[in-house]
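Student: Input: one structure, supplied below.
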Amino acid sequence: MFGPLISKPGSSRKNKTGSWRTEVRPKFLQKNCIGCKICMLICPEGCISEGENKVFTCDFLFCKGCGLCAQVCPKKDVIMEKEDAIQEKSRDKK
Ligand code: SF4
Ligand code: SF4
């Protein structure tokens with residue numbers, strides 16, 4: 001199903017293209033993840049990685065905010081957040 005979408009996973013890493021993104025970005029909730037790796041497979045930028053203890057994150061230098069990872073996650077463990085809201089939250093913490 002996903003094969004035609006991914007010609008070479010992670011190939012965008014050769015061309016750092018993260019200077020732009022849509023107005024949203026993914027947040028990996030890390031609550032209900034079952035480690036299926038579908039998000040990694042679907043990501044057109046190949047920027048999702050698995051850390052220790054099956055903790056999945058993405059590299060925002062490459063993420064374009066397309067939302068595919070959130071769309072395909074079977075456990076709804078990835079949500080898309082508005083960049084504005086993220087910036088406001090980090091401002092509140094200061
Ligand atoms: S929003 Fe798109 S580019 Fe960003 S991590 Fe998810 S699938 Fe990859
Ligand atoms: S698609 Fe969802 S459940 Fe599967 S590894 Fe990614 S975050 Fe975890």
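Starting from 1 in every chain, residues are counted up; chains themselves are A, B, ... following the order of the structure tokens, and ligands are numbered from 1 as listed.
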Hey, which residues come within 6 Å of ligand 2 if we count only C-alpha atoms and all ligand atoms? Could you give them as an MDAnalysis selection string?
Tutor: chainID A and resid 33:39 73:75 77:78
Student: Collect all residues with atoms no farther than 9 Å from ligand 1, counting only C-alpha atoms and all ligand atoms, and output them as a ChimeraX atom specification.
Tutor: /A:21-22,24-27,39-48,57-60,62-71,78,80
Student: Could those residues be written to a file, using N, CA and C atoms, as an mmCIF file, in the first residue's frame?
Tutor:
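As a result, out08.cif now contains:
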data_model
loop_
_atom_site.group_PDB
_atom_site.id
_atom_site.type_symbol
_atom_site.label_atom_id
_atom_site.label_comp_id
_atom_site.auth_asym_id
_atom_site.auth_seq_id
_atom_site.Cartn_x
_atom_site.Cartn_y
_atom_site.Cartn_z
ATOM 1 N N ARG A 21 8.091 24.546 6.797
ATOM 2 C CA ARG A 21 7.150 23.521 7.224
ATOM 3 C C ARG A 21 5.773 24.154 7.169
ATOM 4 N N THR A 22 4.751 23.309 7.043
ATOM 5 C CA THR A 22 3.394 23.834 7.117
ATOM 6 C C THR A 22 3.191 24.379 8.520
ATOM 7 N N VAL A 24 1.692 23.289 10.971
ATOM 8 C CA VAL A 24 1.522 22.288 12.033
ATOM 9 C C VAL A 24 2.706 21.338 12.052
ATOM 10 N N ARG A 25 2.885 20.722 13.201
ATOM 11 C CA ARG A 25 3.939 19.706 13.289
ATOM 12 C C ARG A 25 3.486 18.596 14.223
ATOM 13 N N PRO A 26 4.023 17.408 14.035
ATOM 14 C CA PRO A 26 3.540 16.266 14.809
ATOM 15 C C PRO A 26 4.033 16.282 16.249
ATOM 16 N N LYS A 27 3.188 15.734 17.093
ATOM 17 C CA LYS A 27 3.592 15.514 18.477
ATOM 18 C C LYS A 27 3.369 14.034 18.756
ATOM 19 N N CYS A 39 4.301 4.811 11.084
ATOM 20 C CA CYS A 39 4.633 6.232 10.926
ATOM 21 C C CYS A 39 5.987 6.394 10.242
ATOM 22 N N MET A 40 6.952 5.567 10.644
ATOM 23 C CA MET A 40 8.287 5.630 10.030
ATOM 24 C C MET A 40 8.221 5.294 8.548
ATOM 25 N N LEU A 41 7.416 4.294 8.230
ATOM 26 C CA LEU A 41 7.329 3.847 6.839
ATOM 27 C C LEU A 41 6.644 4.871 5.942
ATOM 28 N N ILE A 42 5.642 5.554 6.490
ATOM 29 C CA ILE A 42 4.864 6.465 5.651
ATOM 30 C C ILE A 42 5.527 7.832 5.496
ATOM 31 N N CYS A 43 6.361 8.206 6.411
ATOM 32 C CA CYS A 43 6.930 9.564 6.384
ATOM 33 C C CYS A 43 7.743 9.781 5.101
ATOM 34 N N PRO A 44 7.310 10.716 4.272
ATOM 35 C CA PRO A 44 8.017 10.941 3.005
ATOM 36 C C PRO A 44 9.400 11.536 3.195
ATOM 37 N N GLU A 45 9.654 12.110 4.358
ATOM 38 C CA GLU A 45 10.964 12.706 4.613
ATOM 39 C C GLU A 45 11.913 11.740 5.310
ATOM 40 N N GLY A 46 11.395 10.614 5.732
ATOM 41 C CA GLY A 46 12.248 9.648 6.429
ATOM 42 C C GLY A 46 12.846 10.216 7.700
ATOM 43 N N CYS A 47 12.086 11.089 8.346
ATOM 44 C CA CYS A 47 12.684 11.798 9.490
ATOM 45 C C CYS A 47 12.168 11.303 10.839
ATOM 46 N N ILE A 48 11.411 10.199 10.839
ATOM 47 C CA ILE A 48 10.952 9.636 12.111
ATOM 48 C C ILE A 48 11.928 8.534 12.508
ATOM 49 N N THR A 57 10.182 9.573 17.603
ATOM 50 C CA THR A 57 10.235 11.029 17.501
ATOM 51 C C THR A 57 10.555 11.388 16.052
ATOM 52 N N CYS A 58 10.434 12.663 15.740
ATOM 53 C CA CYS A 58 10.840 13.062 14.395
ATOM 54 C C CYS A 58 11.822 14.211 14.473
ATOM 55 N N ASP A 59 12.591 14.342 13.420
ATOM 56 C CA ASP A 59 13.598 15.397 13.336
ATOM 57 C C ASP A 59 12.940 16.601 12.659
ATOM 58 N N PHE A 60 12.740 17.652 13.427
ATOM 59 C CA PHE A 60 12.018 18.809 12.897
ATOM 60 C C PHE A 60 12.827 19.600 11.861
ATOM 61 N N PHE A 62 13.756 18.279 9.279
ATOM 62 C CA PHE A 62 13.355 17.679 8.003
ATOM 63 C C PHE A 62 11.843 17.547 7.854
ATOM 64 N N CYS A 63 11.121 17.521 8.974
ATOM 65 C CA CYS A 63 9.659 17.356 8.935
ATOM 66 C C CYS A 63 9.004 18.505 8.185
ATOM 67 N N LYS A 64 8.045 18.169 7.322
ATOM 68 C CA LYS A 64 7.335 19.192 6.553
ATOM 69 C C LYS A 64 5.929 19.442 7.086
ATOM 70 N N GLY A 65 5.540 18.690 8.092
ATOM 71 C CA GLY A 65 4.215 18.892 8.662
ATOM 72 C C GLY A 65 3.094 18.362 7.801
ATOM 73 N N CYS A 66 3.377 17.354 7.005
ATOM 74 C CA CYS A 66 2.360 16.836 6.076
ATOM 75 C C CYS A 66 1.235 16.111 6.811
ATOM 76 N N GLY A 67 1.507 15.608 7.991
ATOM 77 C CA GLY A 67 0.457 14.977 8.797
ATOM 78 C C GLY A 67 0.197 13.515 8.505
ATOM 79 N N LEU A 68 0.957 12.944 7.599
ATOM 80 C CA LEU A 68 0.718 11.534 7.259
ATOM 81 C C LEU A 68 0.928 10.620 8.462
ATOM 82 N N CYS A 69 1.946 10.918 9.257
ATOM 83 C CA CYS A 69 2.234 10.062 10.418
ATOM 84 C C CYS A 69 1.040 10.031 11.366
ATOM 85 N N ALA A 70 0.417 11.184 11.580
ATOM 86 C CA ALA A 70 -0.743 11.244 12.470
ATOM 87 C C ALA A 70 -1.938 10.526 11.843
ATOM 88 N N GLN A 71 -2.041 10.651 10.530
ATOM 89 C CA GLN A 71 -3.178 10.046 9.832
ATOM 90 C C GLN A 71 -3.148 8.518 9.898
ATOM 91 N N VAL A 78 -0.166 9.973 17.553
ATOM 92 C CA VAL A 78 0.508 11.131 16.966
ATOM 93 C C VAL A 78 -0.564 12.163 16.645
ATOM 94 N N MET A 80 -1.270 16.396 15.404
ATOM 95 C CA MET A 80 -0.629 17.536 14.768
ATOM 96 C C MET A 80 -0.957 18.779 15.597
#
Student: To one decimal place in Å, what is the distance between CA of Asp84 in chain A and CA of Glu50 in chain A?
Tutor: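 Computing it gives 26.4 Å between the two atoms.
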Student: Work out how far CA of Asn32 in chain A is from CA of Trp20 in chain A, in Å to one decimal.
Tutor: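 CA of Trp20 in chain A sits 29.4 Å away from CA of Asn32 in chain A.
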Student: Mind checking DSSP for range 17-67 of chain A and telling me the helix (DSSP H, G or I) residues as a list in words?
Tutor: Ile38, Cys39, Met40, Leu41, Ile42, Glu52, Asn53 and Lys54 of chain A
Student: How would the residues just chosen look if you wrote them out with C-alpha atoms as a PDB file, in the first residue's frame?
Tutor:
ATOM      1  CA  ILE A  38       3.867   2.567  10.251  1.00  0.00           C
ATOM      2  CA  CYS A  39       4.633   6.232  10.926  1.00  0.00           C
ATOM      3  CA  MET A  40       8.287   5.630  10.030  1.00  0.00           C
ATOM      4  CA  LEU A  41       7.329   3.847   6.839  1.00  0.00           C
ATOM      5  CA  ILE A  42       4.864   6.465   5.651  1.00  0.00           C
ATOM      6  CA  GLU A  52      15.212   3.519  23.224  1.00  0.00           C
ATOM      7  CA  ASN A  53      12.160   1.747  24.606  1.00  0.00           C
ATOM      8  CA  LYS A  54      10.245   2.195  21.346  1.00  0.00           C
TER       9      LYS A  54
END
